[in-house]
$ cat coords_34.cif   # mmCIF, C-alpha atoms
data_target
loop_
_atom_site.group_PDB
_atom_site.id
_atom_site.type_symbol
_atom_site.label_atom_id
_atom_site.label_comp_id
_atom_site.auth_asym_id
_atom_site.auth_seq_id
_atom_site.Cartn_x
_atom_site.Cartn_y
_atom_site.Cartn_z
ATOM 1 C CA MET K 1355 182.443 317.063 99.923
ATOM 2 C CA ILE K 1356 179.221 318.931 100.742
ATOM 3 C CA LYS K 1357 177.083 319.711 97.709
ATOM 4 C CA ALA K 1358 173.824 320.880 99.287
ATOM 5 C CA VAL K 1359 172.443 322.745 102.287
ATOM 6 C CA ILE K 1360 168.781 322.334 103.228
ATOM 7 C CA PHE K 1361 167.214 324.906 105.558
ATOM 8 C CA ASP K 1362 164.206 324.564 107.814
ATOM 9 C CA LEU K 1363 162.038 327.711 107.867
ATOM 10 C CA ASP K 1364 160.560 328.463 111.299
ATOM 11 C CA GLY K 1365 163.336 329.172 113.768
ATOM 12 C CA VAL K 1366 166.039 328.970 111.091
ATOM 13 C CA ILE K 1367 165.237 331.357 108.248
ATOM 14 C CA SER K 1368 162.491 333.236 110.060
ATOM 15 C CA ASP K 1369 161.660 333.606 113.748
ATOM 16 C CA THR K 1370 157.946 332.921 113.414
ATOM 17 C CA ALA K 1371 157.201 330.520 116.278
ATOM 18 C CA VAL K 1372 155.480 333.175 118.420
ATOM 19 C CA LEU K 1373 153.517 334.390 115.396
ATOM 20 C CA HIS K 1374 152.143 330.883 114.806
ATOM 21 C CA PHE K 1375 151.214 330.508 118.476
ATOM 22 C CA ASN K 1376 149.397 333.854 118.563
ATOM 23 C CA ALA K 1377 147.506 332.997 115.379
ATOM 24 C CA PHE K 1378 146.555 329.557 116.684
ATOM 25 C CA ASN K 1379 145.500 330.933 120.063
ATOM 26 C CA SER K 1380 143.380 333.671 118.459
ATOM 27 C CA ALA K 1381 141.622 331.107 116.268
ATOM 28 C CA VAL K 1382 140.929 328.798 119.222
ATOM 29 C CA GLU K 1383 139.647 331.692 121.313
ATOM 30 C CA GLU K 1384 137.317 332.943 118.579
ATOM 31 C CA MET K 1385 135.955 329.553 117.557
ATOM 32 C CA LEU K 1386 136.106 327.514 120.757
ATOM 33 C CA GLY K 1387 135.931 330.195 123.429
ATOM 34 C CA GLN K 1388 139.117 329.263 125.261
ATOM 35 C CA THR K 1389 142.805 330.111 125.275
ATOM 36 C CA VAL K 1390 145.807 327.852 124.822
ATOM 37 C CA LEU K 1391 148.863 327.788 127.063
ATOM 38 C CA PHE K 1392 152.170 328.240 125.237
ATOM 39 C CA GLU K 1393 153.551 325.227 127.145
ATOM 40 C CA ASP K 1394 150.734 323.048 125.782
ATOM 41 C CA TYR K 1395 151.223 324.432 122.280
ATOM 42 C CA GLU K 1396 154.917 323.555 122.353
ATOM 43 C CA ALA K 1397 154.389 320.191 124.058
ATOM 44 C CA VAL K 1398 153.056 318.557 120.876
ATOM 45 C CA GLY K 1399 156.141 319.541 118.874
ATOM 46 C CA THR K 1400 156.558 321.408 115.587
ATOM 47 C CA LEU K 1401 153.628 319.855 113.738
ATOM 48 C CA PRO K 1402 151.736 321.319 110.786
ATOM 49 C CA THR K 1403 148.560 323.057 111.933
ATOM 50 C CA THR K 1404 146.293 320.144 110.943
ATOM 51 C CA GLY K 1405 148.437 317.736 112.948
ATOM 52 C CA ARG K 1406 148.686 320.163 115.863
ATOM 53 C CA ILE K 1407 144.906 320.521 116.080
ATOM 54 C CA LYS K 1408 144.398 316.744 116.160
ATOM 55 C CA ALA K 1409 147.220 316.202 118.660
ATOM 56 C CA MET K 1410 146.011 318.896 121.051
ATOM 57 C CA ALA K 1411 142.427 317.672 120.782
ATOM 58 C CA THR K 1412 143.504 314.085 121.501
ATOM 59 C CA LYS K 1413 145.375 315.266 124.593
ATOM 60 C CA GLY K 1414 142.399 317.293 125.811
ATOM 61 C CA MET K 1415 144.130 320.650 125.389
ATOM 62 C CA ILE K 1416 141.300 321.855 123.133
ATOM 63 C CA PRO K 1417 137.813 320.382 122.597
ATOM 64 C CA ASN K 1418 137.909 317.194 120.533
ATOM 65 C CA GLU K 1419 135.326 318.236 117.946
ATOM 66 C CA PRO K 1420 136.537 316.939 114.544
ATOM 67 C CA GLU K 1421 133.708 318.666 112.685
ATOM 68 C CA LYS K 1422 135.330 322.004 113.599
ATOM 69 C CA PHE K 1423 138.936 321.110 112.721
ATOM 70 C CA LYS K 1424 138.790 322.364 109.111
ATOM 71 C CA ASP K 1425 137.219 325.690 110.107
ATOM 72 C CA LEU K 1426 139.748 326.067 112.923
ATOM 73 C CA TYR K 1427 142.588 325.468 110.461
ATOM 74 C CA ASP K 1428 141.193 328.047 108.030
ATOM 75 C CA LEU K 1429 140.759 330.636 110.772
ATOM 76 C CA LYS K 1430 144.306 330.057 112.001
ATOM 77 C CA GLN K 1431 145.584 330.826 108.490
ATOM 78 C CA VAL K 1432 143.617 334.089 108.453
ATOM 79 C CA TYR K 1433 145.215 335.176 111.719
ATOM 80 C CA THR K 1434 148.678 334.030 110.558
ATOM 81 C CA TYR K 1435 148.649 336.452 107.622
ATOM 82 C CA LYS K 1436 147.061 339.165 109.745
ATOM 83 C CA TYR K 1437 149.955 338.954 112.224
ATOM 84 C CA LEU K 1438 152.665 338.436 109.620
ATOM 85 C CA GLY K 1439 152.967 342.117 108.834
ATOM 86 C CA ASP K 1440 155.799 343.352 106.645
ATOM 87 C CA ALA K 1441 158.728 340.966 106.857
ATOM 88 C CA GLN K 1442 161.956 342.758 106.059
ATOM 89 C CA ALA K 1443 164.547 341.736 103.495
ATOM 90 C CA ASP K 1444 167.344 339.941 105.363
ATOM 91 C CA THR K 1445 170.638 341.244 103.983
ATOM 92 C CA LYS K 1446 172.776 339.059 106.259
ATOM 93 C CA LEU K 1447 171.010 335.906 105.128
ATOM 94 C CA GLN K 1448 171.095 337.048 101.504
ATOM 95 C CA ARG K 1449 174.870 337.445 101.728
ATOM 96 C CA LEU K 1450 175.296 333.996 103.292
ATOM 97 C CA LEU K 1451 173.204 332.365 100.566
ATOM 98 C CA ILE K 1452 175.193 334.123 97.848
ATOM 99 C CA ASN K 1453 178.458 332.960 99.423
ATOM 100 C CA LEU K 1454 177.210 329.372 99.666
ATOM 101 C CA ARG K 1455 176.190 329.411 96.021
ATOM 102 C CA THR K 1456 179.635 330.764 95.141
ATOM 103 C CA GLU K 1457 180.984 327.559 96.703
ATOM 104 C CA ASN K 1458 178.778 325.595 94.236
ATOM 105 C CA ILE K 1459 176.382 324.562 96.998
ATOM 106 C CA SER K 1460 172.784 323.791 96.006
ATOM 107 C CA LEU K 1461 170.302 325.371 98.426
ATOM 108 C CA ALA K 1462 166.811 324.255 99.447
ATOM 109 C CA VAL K 1463 164.098 324.768 102.050
ATOM 110 C CA ALA K 1464 162.057 321.984 103.677
ATOM 111 C CA SER K 1465 159.468 322.987 106.253
ATOM 112 C CA ASN K 1466 156.439 321.581 108.077
ATOM 113 C CA ALA K 1467 154.721 324.932 107.479
ATOM 114 C CA SER K 1468 152.116 325.272 104.750
ATOM 115 C CA CYS K 1469 153.444 325.706 101.223
ATOM 116 C CA LYS K 1470 151.760 329.100 100.935
ATOM 117 C CA PHE K 1471 153.353 330.345 104.148
ATOM 118 C CA VAL K 1472 156.832 329.074 103.211
ATOM 119 C CA ASN K 1473 156.751 330.843 99.868
ATOM 120 C CA GLU K 1474 155.316 334.000 101.422
ATOM 121 C CA ILE K 1475 158.213 334.258 103.882
ATOM 122 C CA LEU K 1476 160.825 333.601 101.209
ATOM 123 C CA ASP K 1477 159.264 336.222 98.948
ATOM 124 C CA ARG K 1478 159.097 338.839 101.682
ATOM 125 C CA LYS K 1479 162.713 338.231 102.639
ATOM 126 C CA LYS K 1480 163.645 338.420 98.946
ATOM 127 C CA ILE K 1481 165.568 335.137 98.997
ATOM 128 C CA GLN K 1482 163.352 332.723 97.034
ATOM 129 C CA SER K 1483 165.553 332.871 93.926
ATOM 130 C CA HIS K 1484 168.481 331.331 95.830
ATOM 131 C CA PHE K 1485 166.722 327.972 96.359
ATOM 132 C CA LYS K 1486 166.580 325.150 93.832
ATOM 133 C CA SER K 1487 163.886 323.333 95.814
ATOM 134 C CA VAL K 1488 161.220 324.509 98.271
ATOM 135 C CA ILE K 1489 159.046 321.945 100.070
ATOM 136 C CA GLY K 1490 156.194 322.585 102.494
ATOM 137 C CA SER K 1491 153.726 320.317 104.243
ATOM 138 C CA CYS K 1492 151.504 320.047 101.157
ATOM 139 C CA ASP K 1493 154.303 318.463 99.115
ATOM 140 C CA VAL K 1494 154.755 315.270 101.152
ATOM 141 C CA ASP K 1495 152.652 312.543 102.723
ATOM 142 C CA HIS K 1496 154.541 312.626 106.022
ATOM 143 C CA CYS K 1497 156.001 315.692 107.751
ATOM 144 C CA LYS K 1498 158.901 315.808 110.204
ATOM 145 C CA PRO K 1499 160.006 313.872 112.257
ATOM 146 C CA ASN K 1500 159.558 311.609 109.243
ATOM 147 C CA PRO K 1501 162.543 312.261 106.929
ATOM 148 C CA GLU K 1502 160.436 312.182 103.742
ATOM 149 C CA MET K 1503 160.743 315.880 102.865
ATOM 150 C CA TYR K 1504 164.505 315.820 103.353
ATOM 151 C CA LEU K 1505 164.912 312.689 101.264
ATOM 152 C CA GLU K 1506 162.683 314.159 98.540
ATOM 153 C CA THR K 1507 164.728 317.371 98.569
ATOM 154 C CA MET K 1508 167.958 315.402 98.139
ATOM 155 C CA ARG K 1509 166.361 313.525 95.259
ATOM 156 C CA ARG K 1510 165.432 316.802 93.591
ATOM 157 C CA LEU K 1511 168.926 318.209 94.094
ATOM 158 C CA ARG K 1512 170.523 314.914 92.982
ATOM 159 C CA VAL K 1513 172.747 314.687 96.051
ATOM 160 C CA LYS K 1514 173.437 311.944 98.580
ATOM 161 C CA PRO K 1515 172.849 312.254 102.341
ATOM 162 C CA GLU K 1516 176.601 312.298 102.988
ATOM 163 C CA GLU K 1517 176.834 315.304 100.648
ATOM 164 C CA THR K 1518 174.150 317.255 102.490
ATOM 165 C CA VAL K 1519 173.951 319.541 105.535
ATOM 166 C CA ILE K 1520 170.538 320.169 107.096
ATOM 167 C CA VAL K 1521 170.082 323.325 109.183
ATOM 168 C CA GLU K 1522 167.534 322.789 111.973
ATOM 169 C CA ASP K 1523 166.493 324.209 115.336
ATOM 170 C CA SER K 1524 163.730 321.927 116.655
ATOM 171 C CA VAL K 1525 163.906 318.419 118.069
ATOM 172 C CA THR K 1526 161.351 317.257 115.502
ATOM 173 C CA GLY K 1527 163.418 318.594 112.627
ATOM 174 C CA ILE K 1528 166.696 317.321 114.023
ATOM 175 C CA ILE K 1529 165.253 313.807 114.304
ATOM 176 C CA ALA K 1530 164.094 314.008 110.684
ATOM 177 C CA GLY K 1531 167.529 315.228 109.643
ATOM 178 C CA TYR K 1532 169.370 312.395 111.329
ATOM 179 C CA ARG K 1533 166.897 309.843 109.976
ATOM 180 C CA SER K 1534 167.654 311.103 106.472
ATOM 181 C CA GLY K 1535 171.326 310.208 106.904
ATOM 182 C CA ALA K 1536 172.542 313.772 106.279
ATOM 183 C CA TYR K 1537 174.716 315.946 108.491
ATOM 184 C CA VAL K 1538 172.649 318.109 110.861
ATOM 185 C CA TYR K 1539 173.715 321.632 111.850
ATOM 186 C CA ARG K 1540 171.683 322.803 114.841
ATOM 187 C CA VAL K 1541 171.011 326.491 115.505
ATOM 188 C CA GLU K 1542 169.221 328.176 118.393
ATOM 189 C CA SER K 1543 167.549 330.842 116.231
ATOM 190 C CA PRO K 1544 167.945 332.689 112.912
ATOM 191 C CA GLU K 1545 170.643 334.836 114.561
ATOM 192 C CA TYR K 1546 172.946 331.794 114.484
ATOM 193 C CA VAL K 1547 172.528 331.222 110.743
ATOM 194 C CA ASP K 1548 175.715 333.009 109.755
ATOM 195 C CA ASP K 1549 179.198 332.546 108.300
ATOM 196 C CA ARG K 1550 179.894 329.669 110.689
ATOM 197 C CA LEU K 1551 177.753 327.559 108.376
ATOM 198 C CA LEU K 1552 179.874 328.687 105.429
ATOM 199 C CA ASP K 1553 183.044 327.764 107.338
ATOM 200 C CA LEU K 1554 181.591 324.320 108.092
ATOM 201 C CA VAL K 1555 180.809 323.652 104.438
ATOM 202 C CA ARG K 1556 184.267 324.784 103.377
ATOM 203 C CA GLY K 1557 185.788 322.515 106.020
ATOM 204 C CA PHE K 1558 184.493 319.441 104.202
ATOM 205 C CA LYS K 1559 186.559 320.232 101.106
#
$ encode --input "coords_34.cif" --output "C-alpha cells"
Amino acid sequence: MIKAVIFDLDGVISDTAVLHFNAFNSAVEEMLGQTVLFEDYEAVGTLPTTGRIKAMATKGMIPNEPEKFKDLYDLKQVYTYKYLGDAQADTKLQRLLINLRTENISLAVASNASCKFVNEILDRKKIQSHFKSVIGSCDVDHCKPNPEMYLETMRRLRVKPEETVIVEDSVTGIIAGYRSGAYVYRVESPEYVDDRLLDLVRGFK
C-alpha cells in the first residue's frame, strides 16, 4: 500500500527550468561578460546553483574564478526573483493534492532548488499547506542524484521506500529516486501531473 507521494519541484510542480537558465545567464553576462549556451547549462544536470557554477567552471564553460562564485550565486538569486513574476494558483494541482490526501496519502516536496525558492513557489501556487514535509538544497548535505533528501523525507513522514511514490522529471532526480528504494513516477512536465497519479496510488490498494 502506498502511504506517501514525494514531488520534485522544477519540472514537476512548476515549469521553471527556463526561468533558472535565464537568471543564471543574466548573472554570468553581468558579472563575467559572457553568455551561456542552454546546451552547456543542461549538460551538467539539475544541480543546485552553487554546484552548477563549480561544475561549469571546471568544464571551462564559464571562467574558473572561485573568488567570484559567491557573488555570482547571489546575483543569480536576484535575477531569479526578478523573472519569477506572479505565479498563478494552480487549481488542477490543488484538486489532485486534495484527492491524494483524501486517500490518506502523506505529501511532501524534495527539490535541489534553494529552500527560499521552493517555499516561494509553493506559496504563490497556494499549495504549501498540503505538504507535511518540504526539503530544499539547504536542508541536506548531498543533493540529487544522492538519495539523501528522499530518505530524509521518508523518515519525516515515517514511511518505508516500498510505501512511497516519487514524482520526478529529470535524470538526476530519477536516479536519486531509484537509489532511495521507492517507486518512481516519471513525468515530462507539470502538465502530466494529473489524475493518472491518483489512479496509480489507488492501484496499489
$ residues_around --input "coords_34.cif" --residues "region 1374-1381 of chain K" --least-positions-apart "2" --cutoff "7 Å" --atoms "all atoms listed in the file" --output "list in words"
Thr1370, Ala1371, Val1372, Glu1383, Glu1384, Met1385, Thr1389, Val1390, Leu1426, Leu1429, Lys1430, Tyr1433 and Thr1434 of chain K
$ residues_around --input "coords_34.cif" --residues "Phe1361 (chain K)" --least-positions-apart "3" --cutoff "9 Å" --atoms "all atoms listed in the file" --output "number ranges by chain"
K: 1366-1367, 1461-1465, 1519-1522
$ atom_distance --input "coords_34.cif" --atom1 "CA of Val1432 (chain K)" --atom2 "CA of Gln1448 (chain K)"
28.5 Å
$ resolve_selection --input "coords_34.cif" --expression "the PyMOL selection byres ((chain K and resi 1539) around 10)" --output "VMD selection string"
chain K and resid 1359 to 1361 1519 to 1523 1528 1531 1536 to 1538 1540 to 1541 1547 1551 1554
$ atom_distance --input "coords_34.cif" --atom1 "CA of Ala1530 (chain K)" --atom2 "CA of Arg1455 (chain K)"
24.5 Å
$ resolve_selection --input "coords_34.cif" --expression "the PyMOL selection byres ((chain K and resi 1402-1404) around 8)" --output "compact mmCIF listing (two decimals) with C-alpha atoms, in the frame of the given file"
# COMPACT_ATOMS: atom_id res chain seq x y z
CA THR K 1400 156.56 321.41 115.59
CA LEU K 1401 153.63 319.86 113.74
CA GLY K 1405 148.44 317.74 112.95
CA ARG K 1406 148.69 320.16 115.86
CA ILE K 1407 144.91 320.52 116.08
CA LYS K 1408 144.40 316.74 116.16
CA PHE K 1423 138.94 321.11 112.72
CA TYR K 1427 142.59 325.47 110.46
CA ASN K 1466 156.44 321.58 108.08
CA ALA K 1467 154.72 324.93 107.48
CA SER K 1468 152.12 325.27 104.75
CA SER K 1491 153.73 320.32 104.24
CA CYS K 1497 156.00 315.69 107.75
$ axis_aligned_box --input "coords_34.cif" --around "region 1509-1514 of chain K" --padding-each-side "4 Å" --output "JSON"
{"center_x": 169.4, "center_y": 315.1, "center_z": 95.8, "size_x": 16.0, "size_y": 14.3, "size_z": 13.6}
$ residues_around --input "coords_34.cif" --residues "region 1502-1515 of chain K" --least-positions-apart "2" --cutoff "6 Å" --atoms "only C-alpha atoms" --output "VMD selection string"
chain K and resid 1500 1517 to 1518 1535 to 1536
$ atom_distance --input "coords_34.cif" --atom1 "CA of Asp1493 (chain K)" --atom2 "CA of Met1355 (chain K)"
28.2 Å
$ closest_residue --input "coords_34.cif" --among "K:Pro1417, K:Glu1396, K:Leu1373, K:Gly1387" --to "Lys1436 (chain K)" --atoms "only C-alpha atoms"
K:Leu1373
$ closest_residue --input "coords_34.cif" --among "K:Arg1533, K:Leu1451, K:Leu1476, K:Val1398" --to "Thr1412 (chain K)" --atoms "only C-alpha atoms"
K:Val1398
$ resolve_selection --input "coords_34.cif" --expression "the PyMOL selection byres ((chain K and resi 1452) around 12)" --output "list of chain:residue names"
K:Thr1445, K:Lys1446, K:Leu1447, K:Gln1448, K:Arg1449, K:Leu1450, K:Leu1451, K:Asn1453, K:Leu1454, K:Arg1455, K:Thr1456, K:Glu1457, K:Asn1458, K:Ile1459, K:Ser1460, K:Leu1461, K:Ile1481, K:Gln1482, K:Ser1483, K:His1484, K:Phe1485, K:Asp1548, K:Asp1549, K:Leu1552
